[in-house]
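Since the structure comes first, as C-alpha cells, the remarks are kept for the end.
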Amino acid sequence: MTRPSACYDLNGQVFGISAERPELWQDFDRMLGILRITGDTAPGFRLDITEADVLDEEPGGSLVFDGEIPEDGYCRMVAEGGTIHLIFPGRQAVAINDEEGWAKLRVRPGAKAAWTPSMLVLDAALDAGGQHMLHTAGLTLPGRDTIVLIHAPSGTGKTTTSLALAMQGFGLCSDDAMILDLALEKPLAWGLPRHVKIHQKTAEMIPQVAPCLGPSWDRNGEQAVSLQRLSEIVRIESPIARPVAALLHLARSADRETRLVPMARTDAMVALAMDNVRTGMTGLLPSQKRRLATIGKLVSSVPTFTLEVGARPADAAALISATLTSPG
C-alpha cells in the first residue's frame with residue numbers, strides 16, 4: 001500500500017515527505033503549507049516518518065553534541081560518515097544525509113514532538129538544493145522588489161523593528177528566518193512562511209498589532225500570529241526569491257536615537273556567523289562549512305550596515321530608504 005505523502009517547492013528544490021498517516025507531518029505542513037505542490041514531481045530531498053516503539057538511540061560515529069536544547073530538552077547529535085543522527089531519548093530520532101538527499105524520522109507513539117529535528121531536516125533539504133536558512137528578518141523596500149536582511153540574536157528586537165518597518169510601507173517576508181540562494185551572481189532571498197511570534201513588549205511599542213492578538217500569552221510572554229492575520233494590517237510578501245539590497249546588523253542605540261551607519265564587512269561576517277554557524281565537538285560539519293561560505297559570499301556581495309534602533313523604531317524606515325537609493 002502506498003504511504004500518504006506530500007511535496008513542497010522550496011524555491012525549485014522539491015521536498016517530499018511520506019509517512020504512515022498525514023498527521024505525522026502536520027508541523028511541516030503548518031509551516032510550509034503555502035508551498036505545497038501536487039502532481040507527479042520527483043523530490044530532490046525525501047523525508048520518511050515512521051512511528052516506532054523502539055528507537056535507535058546508540059548509532060555508531062562521533063559525538064558532536066550532548067546537552068540541552070531550549071524548549072526541546074536533552075538530546076545527542078552523532079556524526080556517522082555522511083549521516084547526522086539527532087536523538088531525543090525516548091521521544092524521537094532522526095538520521096539525515098543531505099548529500100544523498102534523504103532523512104528518516106522515527107517517533108515514539110504519543111511522545112511530545114520536538115521542533116529541532118524538523119528544522120534540522122528542513123535545513124538539510126535546503127542545503128541539498130544549494131540554499132541556506134539564516135536567522136535574519138527580511139523586508140522588501142517600499143515600491144521595490146529588493147530585500148533588506150536584518151540580523152540580530154534572539155531577543156534584541158528583530159520582530160519589533162520588522163513590524164515597525166512594515167507599518168511604514170516595507171513588505172514583510174519573515175521576521176526571523178530567511179532562505180539565501182547564491183546560485184546566481186546576485187544574492188537572492190525568500191522568507192520562510194511561518195507564524196510571527198509577537199512579544200508583549202513588541203505589542204506595547206507597536207499598538208497597531210493589537211487587532212491581531214488574542215487574550216493569552218505563553219510562558220515567554222509571546223503569541224504566535226499567522227501571516228494571514230498579520231496581512232490585515234501590513235503587506236506580507238509571497239515566498240519568492242528576490243535580490244538582496246543590503247545586510248543590516250541590529251543594535252540598540254546608546255542615546256535612544258535611531259541611525260544607520262556603515263559596518264565593516266569583516267564585522268558583519270563575524271556577527272552573522274556567530275549566530276548562524278554551529279560548531280560541535282568535532283569542529284564544523286560539512287553543512288556548516290557550506291553555510292559559512294554562503295555567509296561570506298553574501299557579505300562580500302551587498303552593502304553592510306549597523307542599524308542602531310532608538311526609542312522610535314519606525315524612524316529606521318526613512319533612513320533605510322534614503323540610504324539604499326541605487327536601483328535594485
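Lettering and numbering for the C-alpha cells are positional, with chains as A, B, ... in the shown order, residues counted from 1 in each chain, and ligands counted from 1 in the shown order.
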
Using 10 Å as the limit and counting only C-alpha atoms, can you tabulate each residue of region 120-184 of chain A that touches region 222-227 of chain A, with its shortest atom-to-atom distance in Å and the two atoms involved, as a Markdown table?
| residue | atom | partner | partner_atom | distance |
| --- | --- | --- | --- | --- |
| A:Leu172 | CA | A:Leu227 | CA | 9.2 |
| A:Cys173 | CA | A:Leu227 | CA | 9.6 |
| A:Ser174 | CA | A:Leu227 | CA | 9.2 |

Got a sec: who's within 12 Å of region 103-114 of chain A, counting only C-alpha atoms, leaving out chain neighbours fewer than 6 positions off, as a ChimeraX atom specification?
-> /A:15-20,23-27,44-57,69-75,82-97,120-125,128

Which residue of A:Arg312, A:His199, A:Arg144, A:His135 approaches Asp175 (chain A) most closely, using only C-alpha atoms =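 Smallest separation from Asp175 (chain A) among the options: A:His135.
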
Taking the DSSP secondary structure from the backbone, can you list the residues of region 4-249 of chain A that are strand (DSSP E), as a CSV table (one decimal) with N, CA, C and O atoms, in the first residue's frame?
chain,number,residue,atom,x,y,z
A,5,SER,N,1.7,10.9,1.3
A,5,SER,CA,2.9,11.8,1.0
A,5,SER,C,2.5,13.2,0.7
A,5,SER,O,1.3,13.5,0.3
A,6,ALA,N,3.4,14.1,0.7
A,6,ALA,CA,3.2,15.5,0.3
A,6,ALA,C,4.5,16.0,-0.2
A,6,ALA,O,5.6,15.5,0.2
A,7,CYS,N,4.5,17.0,-1.1
A,7,CYS,CA,5.7,17.6,-1.6
A,7,CYS,C,5.5,19.2,-1.5
A,7,CYS,O,4.4,19.7,-1.6
A,8,TYR,N,6.7,19.8,-1.3
A,8,TYR,CA,6.7,21.3,-1.1
A,8,TYR,C,7.8,21.8,-2.0
A,8,TYR,O,8.9,21.2,-2.1
A,9,ASP,N,7.6,23.0,-2.6
A,9,ASP,CA,8.5,23.6,-3.5
A,9,ASP,C,9.3,24.7,-2.8
A,9,ASP,O,8.8,25.7,-2.5
A,10,LEU,N,10.6,24.4,-2.4
A,10,LEU,CA,11.4,25.3,-1.7
A,10,LEU,C,12.3,26.0,-2.7
A,10,LEU,O,13.5,25.8,-2.9
A,13,GLN,N,13.7,23.6,-5.2
A,13,GLN,CA,14.1,22.3,-4.5
A,13,GLN,C,12.8,21.6,-4.0
A,13,GLN,O,12.2,22.2,-3.1
A,14,VAL,N,12.5,20.5,-4.5
A,14,VAL,CA,11.3,19.8,-4.1
A,14,VAL,C,11.6,18.9,-2.9
A,14,VAL,O,12.4,18.0,-3.0
A,15,PHE,N,10.8,19.2,-1.8
A,15,PHE,CA,11.0,18.5,-0.6
A,15,PHE,C,9.8,17.6,-0.4
A,15,PHE,O,8.7,18.0,-0.3
A,16,GLY,N,10.1,16.2,-0.4
A,16,GLY,CA,9.0,15.3,-0.3
A,16,GLY,C,8.9,14.6,1.1
A,16,GLY,O,10.0,14.3,1.6
A,17,ILE,N,7.7,14.4,1.6
A,17,ILE,CA,7.5,13.7,2.9
A,17,ILE,C,6.6,12.5,2.7
A,17,ILE,O,5.5,12.7,2.0
A,18,SER,N,6.9,11.4,3.3
A,18,SER,CA,6.0,10.3,3.3
A,18,SER,C,5.9,9.8,4.8
A,18,SER,O,6.9,9.9,5.5
A,19,ALA,N,4.7,9.3,5.1
A,19,ALA,CA,4.5,8.8,6.5
A,19,ALA,C,3.3,7.9,6.5
A,19,ALA,O,2.6,7.7,5.5
A,36,ARG,N,3.0,23.9,-0.8
A,36,ARG,CA,2.7,22.6,-1.1
A,36,ARG,C,2.3,22.5,-2.6
A,36,ARG,O,1.6,23.4,-3.2
A,37,ILE,N,2.8,21.4,-3.3
A,37,ILE,CA,2.5,21.2,-4.7
A,37,ILE,C,1.9,19.9,-4.9
A,37,ILE,O,2.1,19.0,-4.1
A,45,PHE,N,14.8,16.0,-2.2
A,45,PHE,CA,15.1,15.5,-0.9
A,45,PHE,C,13.9,14.9,-0.3
A,45,PHE,O,12.8,15.4,-0.4
A,46,ARG,N,14.1,13.7,0.3
A,46,ARG,CA,13.0,12.9,0.8
A,46,ARG,C,13.1,12.7,2.3
A,46,ARG,O,14.2,12.4,2.9
A,47,LEU,N,12.0,12.9,3.0
A,47,LEU,CA,11.9,12.6,4.4
A,47,LEU,C,10.8,11.5,4.6
A,47,LEU,O,9.7,11.5,4.1
A,48,ASP,N,11.2,10.4,5.4
A,48,ASP,CA,10.3,9.4,5.7
A,48,ASP,C,10.1,9.4,7.2
A,48,ASP,O,11.0,9.4,8.0
A,49,ILE,N,8.8,9.4,7.6
A,49,ILE,CA,8.4,9.5,9.1
A,49,ILE,C,7.7,8.2,9.4
A,49,ILE,O,6.8,7.8,8.8
A,50,THR,N,8.2,7.6,10.5
A,50,THR,CA,7.6,6.3,11.0
A,50,THR,C,7.4,6.3,12.5
A,50,THR,O,8.3,6.8,13.2
A,51,GLU,N,6.3,5.8,13.0
A,51,GLU,CA,6.2,5.6,14.4
A,51,GLU,C,6.8,4.3,14.8
A,51,GLU,O,6.6,3.3,14.1
A,62,SER,N,30.8,9.7,15.7
A,62,SER,CA,31.4,10.6,16.7
A,62,SER,C,30.4,11.5,17.3
A,62,SER,O,29.5,12.0,16.6
A,63,LEU,N,30.5,11.6,18.6
A,63,LEU,CA,29.6,12.5,19.3
A,63,LEU,C,29.9,14.0,19.0
A,63,LEU,O,31.0,14.4,19.1
A,64,VAL,N,28.9,14.7,18.5
A,64,VAL,CA,29.0,16.1,18.1
A,64,VAL,C,28.5,17.0,19.1
A,64,VAL,O,29.0,18.1,19.4
A,65,PHE,N,27.3,16.6,19.7
A,65,PHE,CA,26.7,17.5,20.7
A,65,PHE,C,26.0,16.6,21.7
A,65,PHE,O,25.5,15.5,21.4
A,66,ASP,N,26.1,17.0,23.0
A,66,ASP,CA,25.4,16.3,24.1
A,66,ASP,C,25.0,17.3,25.1
A,66,ASP,O,25.8,17.9,25.8
A,67,GLY,N,23.7,17.6,25.1
A,67,GLY,CA,23.2,18.7,26.1
A,67,GLY,C,21.8,19.1,25.9
A,67,GLY,O,21.0,18.4,25.2
A,68,GLU,N,21.4,20.2,26.5
A,68,GLU,CA,20.0,20.7,26.5
A,68,GLU,C,19.8,21.6,25.3
A,68,GLU,O,20.7,22.4,25.0
A,69,ILE,N,18.7,21.5,24.7
A,69,ILE,CA,18.3,22.5,23.6
A,69,ILE,C,17.0,23.2,24.2
A,69,ILE,O,16.1,22.6,24.7
A,73,GLY,N,14.6,20.2,25.2
A,73,GLY,CA,15.2,19.4,26.2
A,73,GLY,C,16.5,18.7,25.8
A,73,GLY,O,17.2,19.1,24.8
A,74,TYR,N,16.8,17.6,26.4
A,74,TYR,CA,18.1,16.9,26.2
A,74,TYR,C,18.1,16.1,24.9
A,74,TYR,O,17.2,15.5,24.5
A,75,CYS,N,19.3,16.2,24.2
A,75,CYS,CA,19.5,15.4,23.0
A,75,CYS,C,21.0,15.2,22.8
A,75,CYS,O,21.9,15.8,23.4
A,76,ARG,N,21.2,14.3,21.9
A,76,ARG,CA,22.6,14.0,21.4
A,76,ARG,C,22.7,14.1,19.9
A,76,ARG,O,21.7,13.7,19.2
A,77,MET,N,23.8,14.6,19.4
A,77,MET,CA,24.0,14.5,17.9
A,77,MET,C,25.2,13.7,17.7
A,77,MET,O,26.3,13.9,18.3
A,78,VAL,N,25.1,12.8,16.7
A,78,VAL,CA,26.2,11.9,16.3
A,78,VAL,C,26.5,12.0,14.8
A,78,VAL,O,25.5,11.9,14.0
A,79,ALA,N,27.7,12.1,14.4
A,79,ALA,CA,28.1,12.1,13.0
A,79,ALA,C,28.6,10.8,12.6
A,79,ALA,O,29.6,10.3,13.3
A,80,GLU,N,28.0,10.1,11.6
A,80,GLU,CA,28.5,8.8,11.2
A,80,GLU,C,28.7,8.9,9.7
A,80,GLU,O,27.7,8.8,8.9
A,83,THR,N,26.2,10.8,7.4
A,83,THR,CA,24.9,10.9,8.1
A,83,THR,C,25.0,11.5,9.5
A,83,THR,O,25.9,11.2,10.2
A,84,ILE,N,24.0,12.4,9.8
A,84,ILE,CA,23.9,13.0,11.1
A,84,ILE,C,22.7,12.4,11.8
A,84,ILE,O,21.6,12.3,11.2
A,85,HIS,N,22.9,12.0,13.1
A,85,HIS,CA,21.9,11.5,13.9
A,85,HIS,C,21.6,12.5,15.0
A,85,HIS,O,22.5,13.0,15.7
A,86,LEU,N,20.3,12.8,15.2
A,86,LEU,CA,19.9,13.6,16.4
A,86,LEU,C,18.9,12.8,17.2
A,86,LEU,O,17.9,12.3,16.6
A,87,ILE,N,19.2,12.5,18.4
A,87,ILE,CA,18.4,11.6,19.3
A,87,ILE,C,17.9,12.4,20.5
A,87,ILE,O,18.7,12.9,21.3
A,88,PHE,N,16.6,12.3,20.6
A,88,PHE,CA,15.9,12.8,21.9
A,88,PHE,C,15.4,11.5,22.5
A,88,PHE,O,14.4,10.9,22.1
A,92,GLN,N,12.2,10.9,20.0
A,92,GLN,CA,12.4,11.0,18.6
A,92,GLN,C,13.9,10.7,18.2
A,92,GLN,O,14.8,11.0,19.0
A,93,ALA,N,14.1,10.2,17.0
A,93,ALA,CA,15.4,10.1,16.5
A,93,ALA,C,15.4,10.3,15.0
A,93,ALA,O,14.5,9.8,14.3
A,94,VAL,N,16.3,11.2,14.5
A,94,VAL,CA,16.3,11.5,13.1
A,94,VAL,C,17.7,11.2,12.5
A,94,VAL,O,18.7,11.5,13.2
A,95,ALA,N,17.7,10.6,11.3
A,95,ALA,CA,19.0,10.4,10.6
A,95,ALA,C,18.9,11.2,9.3
A,95,ALA,O,17.9,11.1,8.6
A,96,ILE,N,19.9,12.0,9.0
A,96,ILE,CA,19.9,12.9,7.9
A,96,ILE,C,21.2,12.7,7.1
A,96,ILE,O,22.3,12.7,7.6
A,97,ASN,N,21.0,12.6,5.7
A,97,ASN,CA,22.1,12.6,4.8
A,97,ASN,C,21.8,13.6,3.7
A,97,ASN,O,21.1,13.3,2.8
A,102,TRP,N,18.3,12.5,1.8
A,102,TRP,CA,17.3,11.8,2.5
A,102,TRP,C,17.4,12.0,4.0
A,102,TRP,O,18.4,12.4,4.5
A,103,ALA,N,16.2,11.8,4.7
A,103,ALA,CA,16.2,11.8,6.1
A,103,ALA,C,15.1,10.8,6.6
A,103,ALA,O,14.2,10.6,5.9
A,104,LYS,N,15.4,10.2,7.7
A,104,LYS,CA,14.4,9.3,8.3
A,104,LYS,C,14.2,9.7,9.8
A,104,LYS,O,15.1,9.8,10.6
A,105,LEU,N,12.9,10.0,10.0
A,105,LEU,CA,12.5,10.5,11.4
A,105,LEU,C,11.7,9.4,12.0
A,105,LEU,O,10.7,8.9,11.4
A,106,ARG,N,12.1,8.9,13.2
A,106,ARG,CA,11.4,7.9,13.9
A,106,ARG,C,10.8,8.5,15.2
A,106,ARG,O,11.6,9.2,15.9
A,107,VAL,N,9.5,8.3,15.5
A,107,VAL,CA,8.9,9.0,16.6
A,107,VAL,C,8.2,7.9,17.5
A,107,VAL,O,7.6,7.0,16.9
A,131,GLN,N,20.8,26.0,-0.9
A,131,GLN,CA,20.3,27.1,-0.2
A,131,GLN,C,20.5,27.0,1.3
A,131,GLN,O,20.8,25.9,1.8
A,132,HIS,N,20.5,28.1,2.0
A,132,HIS,CA,20.8,28.0,3.4
A,132,HIS,C,19.8,29.0,4.2
A,132,HIS,O,19.6,30.1,3.8
A,133,MET,N,19.3,28.5,5.3
A,133,MET,CA,18.4,29.2,6.1
A,133,MET,C,19.3,30.1,7.1
A,133,MET,O,20.2,29.6,7.7
A,134,LEU,N,19.0,31.4,7.1
A,134,LEU,CA,19.7,32.3,8.0
A,134,LEU,C,18.8,32.9,9.1
A,134,LEU,O,17.6,33.2,8.8
A,136,THR,N,17.7,35.7,10.2
A,136,THR,CA,17.6,37.1,9.9
A,136,THR,C,16.1,37.4,9.6
A,136,THR,O,15.4,36.5,9.2
A,137,ALA,N,15.7,38.6,9.7
A,137,ALA,CA,14.5,39.1,9.2
A,137,ALA,C,14.7,39.6,7.8
A,137,ALA,O,15.8,39.8,7.4
A,138,GLY,N,13.6,39.7,7.0
A,138,GLY,CA,13.7,40.1,5.6
A,138,GLY,C,12.5,41.0,5.3
A,138,GLY,O,11.4,40.6,5.5
A,139,LEU,N,12.8,42.2,4.7
A,139,LEU,CA,11.7,43.0,4.2
A,139,LEU,C,12.0,43.6,2.9
A,139,LEU,O,13.2,43.9,2.6
A,140,THR,N,11.0,43.8,2.0
A,140,THR,CA,11.2,44.5,0.8
A,140,THR,C,11.1,46.0,1.0
A,140,THR,O,10.3,46.4,1.8
A,147,ILE,N,15.3,43.2,-1.2
A,147,ILE,CA,15.1,42.8,0.2
A,147,ILE,C,16.3,43.4,1.0
A,147,ILE,O,17.4,43.4,0.6
A,148,VAL,N,15.9,43.9,2.2
A,148,VAL,CA,17.0,44.1,3.2
A,148,VAL,C,16.9,43.0,4.2
A,148,VAL,O,15.8,42.6,4.7
A,149,LEU,N,18.0,42.4,4.6
A,149,LEU,CA,18.1,41.4,5.6
A,149,LEU,C,18.5,42.1,6.9
A,149,LEU,O,19.5,42.9,6.9
A,150,ILE,N,17.8,41.8,8.0
A,150,ILE,CA,18.1,42.4,9.3
A,150,ILE,C,18.5,41.3,10.3
A,150,ILE,O,17.7,40.4,10.6
A,151,HIS,N,19.7,41.4,10.7
A,151,HIS,CA,20.3,40.3,11.6
A,151,HIS,C,20.4,40.8,13.1
A,151,HIS,O,20.8,42.0,13.3
A,171,GLY,N,7.6,45.6,2.9
A,171,GLY,CA,6.8,44.4,2.9
A,171,GLY,C,7.5,43.3,3.7
A,171,GLY,O,8.7,43.1,3.6
A,172,LEU,N,6.8,42.6,4.5
A,172,LEU,CA,7.3,41.6,5.4
A,172,LEU,C,7.5,40.3,4.7
A,172,LEU,O,6.5,39.7,4.3
A,173,CYS,N,8.7,39.8,4.6
A,173,CYS,CA,9.0,38.4,4.1
A,173,CYS,C,9.1,37.4,5.3
A,173,CYS,O,8.5,36.4,5.2
A,174,SER,N,9.8,37.8,6.3
A,174,SER,CA,9.9,37.0,7.5
A,174,SER,C,10.5,37.8,8.6
A,174,SER,O,11.3,38.7,8.3
A,178,MET,N,15.2,33.7,7.0
A,178,MET,CA,15.2,33.9,5.5
A,178,MET,C,16.1,32.8,4.9
A,178,MET,O,17.1,32.4,5.5
A,179,ILE,N,15.7,32.5,3.6
A,179,ILE,CA,16.5,31.4,2.9
A,179,ILE,C,17.3,32.1,1.9
A,179,ILE,O,16.8,32.9,1.0
A,180,LEU,N,18.6,31.9,1.9
A,180,LEU,CA,19.5,32.5,1.0
A,180,LEU,C,19.9,31.6,-0.2
A,180,LEU,O,20.2,30.4,0.0
A,181,ASP,N,19.9,32.2,-1.4
A,181,ASP,CA,20.2,31.4,-2.6
A,181,ASP,C,21.3,32.2,-3.4
A,181,ASP,O,21.0,33.3,-3.8
A,188,LEU,N,20.0,36.1,-3.7
A,188,LEU,CA,18.6,36.1,-3.7
A,188,LEU,C,18.2,35.6,-2.3
A,188,LEU,O,18.9,34.8,-1.7
A,189,ALA,N,17.0,36.0,-1.8
A,189,ALA,CA,16.5,35.5,-0.5
A,189,ALA,C,15.0,35.5,-0.6
A,189,ALA,O,14.3,36.3,-1.3
A,190,TRP,N,14.4,34.5,0.2
A,190,TRP,CA,13.0,34.4,0.4
A,190,TRP,C,12.7,34.1,1.8
A,190,TRP,O,13.5,33.5,2.5
A,191,GLY,N,11.5,34.4,2.3
A,191,GLY,CA,11.1,34.2,3.6
A,191,GLY,C,10.4,32.9,3.9
A,191,GLY,O,9.5,32.5,3.2
A,196,VAL,N,4.6,34.5,13.0
A,196,VAL,CA,5.4,35.5,13.7
A,196,VAL,C,5.1,35.5,15.2
A,196,VAL,O,3.9,35.5,15.6
A,197,LYS,N,6.1,35.4,16.0
A,197,LYS,CA,6.0,35.4,17.4
A,197,LYS,C,6.1,36.8,17.9
A,197,LYS,O,7.2,37.4,17.8
A,198,ILE,N,5.0,37.3,18.5
A,198,ILE,CA,5.0,38.7,18.9
A,198,ILE,C,5.0,38.8,20.4
A,198,ILE,O,4.2,38.1,21.1
A,199,HIS,N,6.0,39.5,21.0
A,199,HIS,CA,6.2,39.6,22.4
A,199,HIS,C,5.3,40.7,23.0
A,199,HIS,O,4.9,41.6,22.2
A,222,GLU,N,4.8,35.6,24.8
A,222,GLU,CA,4.6,35.7,23.3
A,222,GLU,C,3.3,35.1,22.8
A,222,GLU,O,2.7,34.3,23.5
A,223,GLN,N,2.9,35.5,21.6
A,223,GLN,CA,1.8,34.9,20.9
A,223,GLN,C,2.3,34.7,19.5
A,223,GLN,O,3.0,35.5,18.9
A,224,ALA,N,1.9,33.5,18.9
A,224,ALA,CA,2.2,33.2,17.5
A,224,ALA,C,1.0,33.7,16.7
A,224,ALA,O,-0.1,33.3,16.9
A,225,VAL,N,1.3,34.6,15.8
A,225,VAL,CA,0.3,35.2,14.9
A,225,VAL,C,0.6,34.7,13.5
A,225,VAL,O,1.7,34.8,13.0
A,242,ARG,N,14.0,37.0,-4.1
A,242,ARG,CA,14.2,38.4,-4.6
A,242,ARG,C,15.6,38.8,-4.3
A,242,ARG,O,16.3,38.3,-3.4
A,243,PRO,N,16.2,39.8,-5.1
A,243,PRO,CA,17.5,40.3,-4.8
A,243,PRO,C,17.7,40.9,-3.5
A,243,PRO,O,16.8,41.6,-3.0
A,244,VAL,N,18.9,40.7,-2.9
A,244,VAL,CA,19.2,41.3,-1.6
A,244,VAL,C,19.9,42.6,-1.8
A,244,VAL,O,20.9,42.7,-2.5
A,245,ALA,N,19.3,43.7,-1.2
A,245,ALA,CA,19.9,45.0,-1.4
A,245,ALA,C,20.9,45.4,-0.4
A,245,ALA,O,21.9,46.1,-0.6
A,246,ALA,N,20.8,44.8,0.9
A,246,ALA,CA,21.7,45.2,1.9
A,246,ALA,C,21.5,44.3,3.1
A,246,ALA,O,20.5,43.6,3.3
A,247,LEU,N,22.6,44.2,3.9
A,247,LEU,CA,22.5,43.4,5.2
A,247,LEU,C,22.7,44.4,6.3
A,247,LEU,O,23.6,45.2,6.4
A,248,LEU,N,21.7,44.4,7.3
A,248,LEU,CA,21.7,45.3,8.4
A,248,LEU,C,21.9,44.6,9.7
A,248,LEU,O,21.2,43.6,9.9
A,249,HIS,N,22.9,45.0,10.5
A,249,HIS,CA,23.0,44.3,11.8
A,249,HIS,C,22.4,45.2,12.9
A,249,HIS,O,22.7,46.4,13.0

Would you please extract all helix (DSSP H, G or I) residues from region 51-196 of chain A, as assigned by DSSP on the backbone, and give them as number ranges by chain?
-> A: 116-128, 158-166
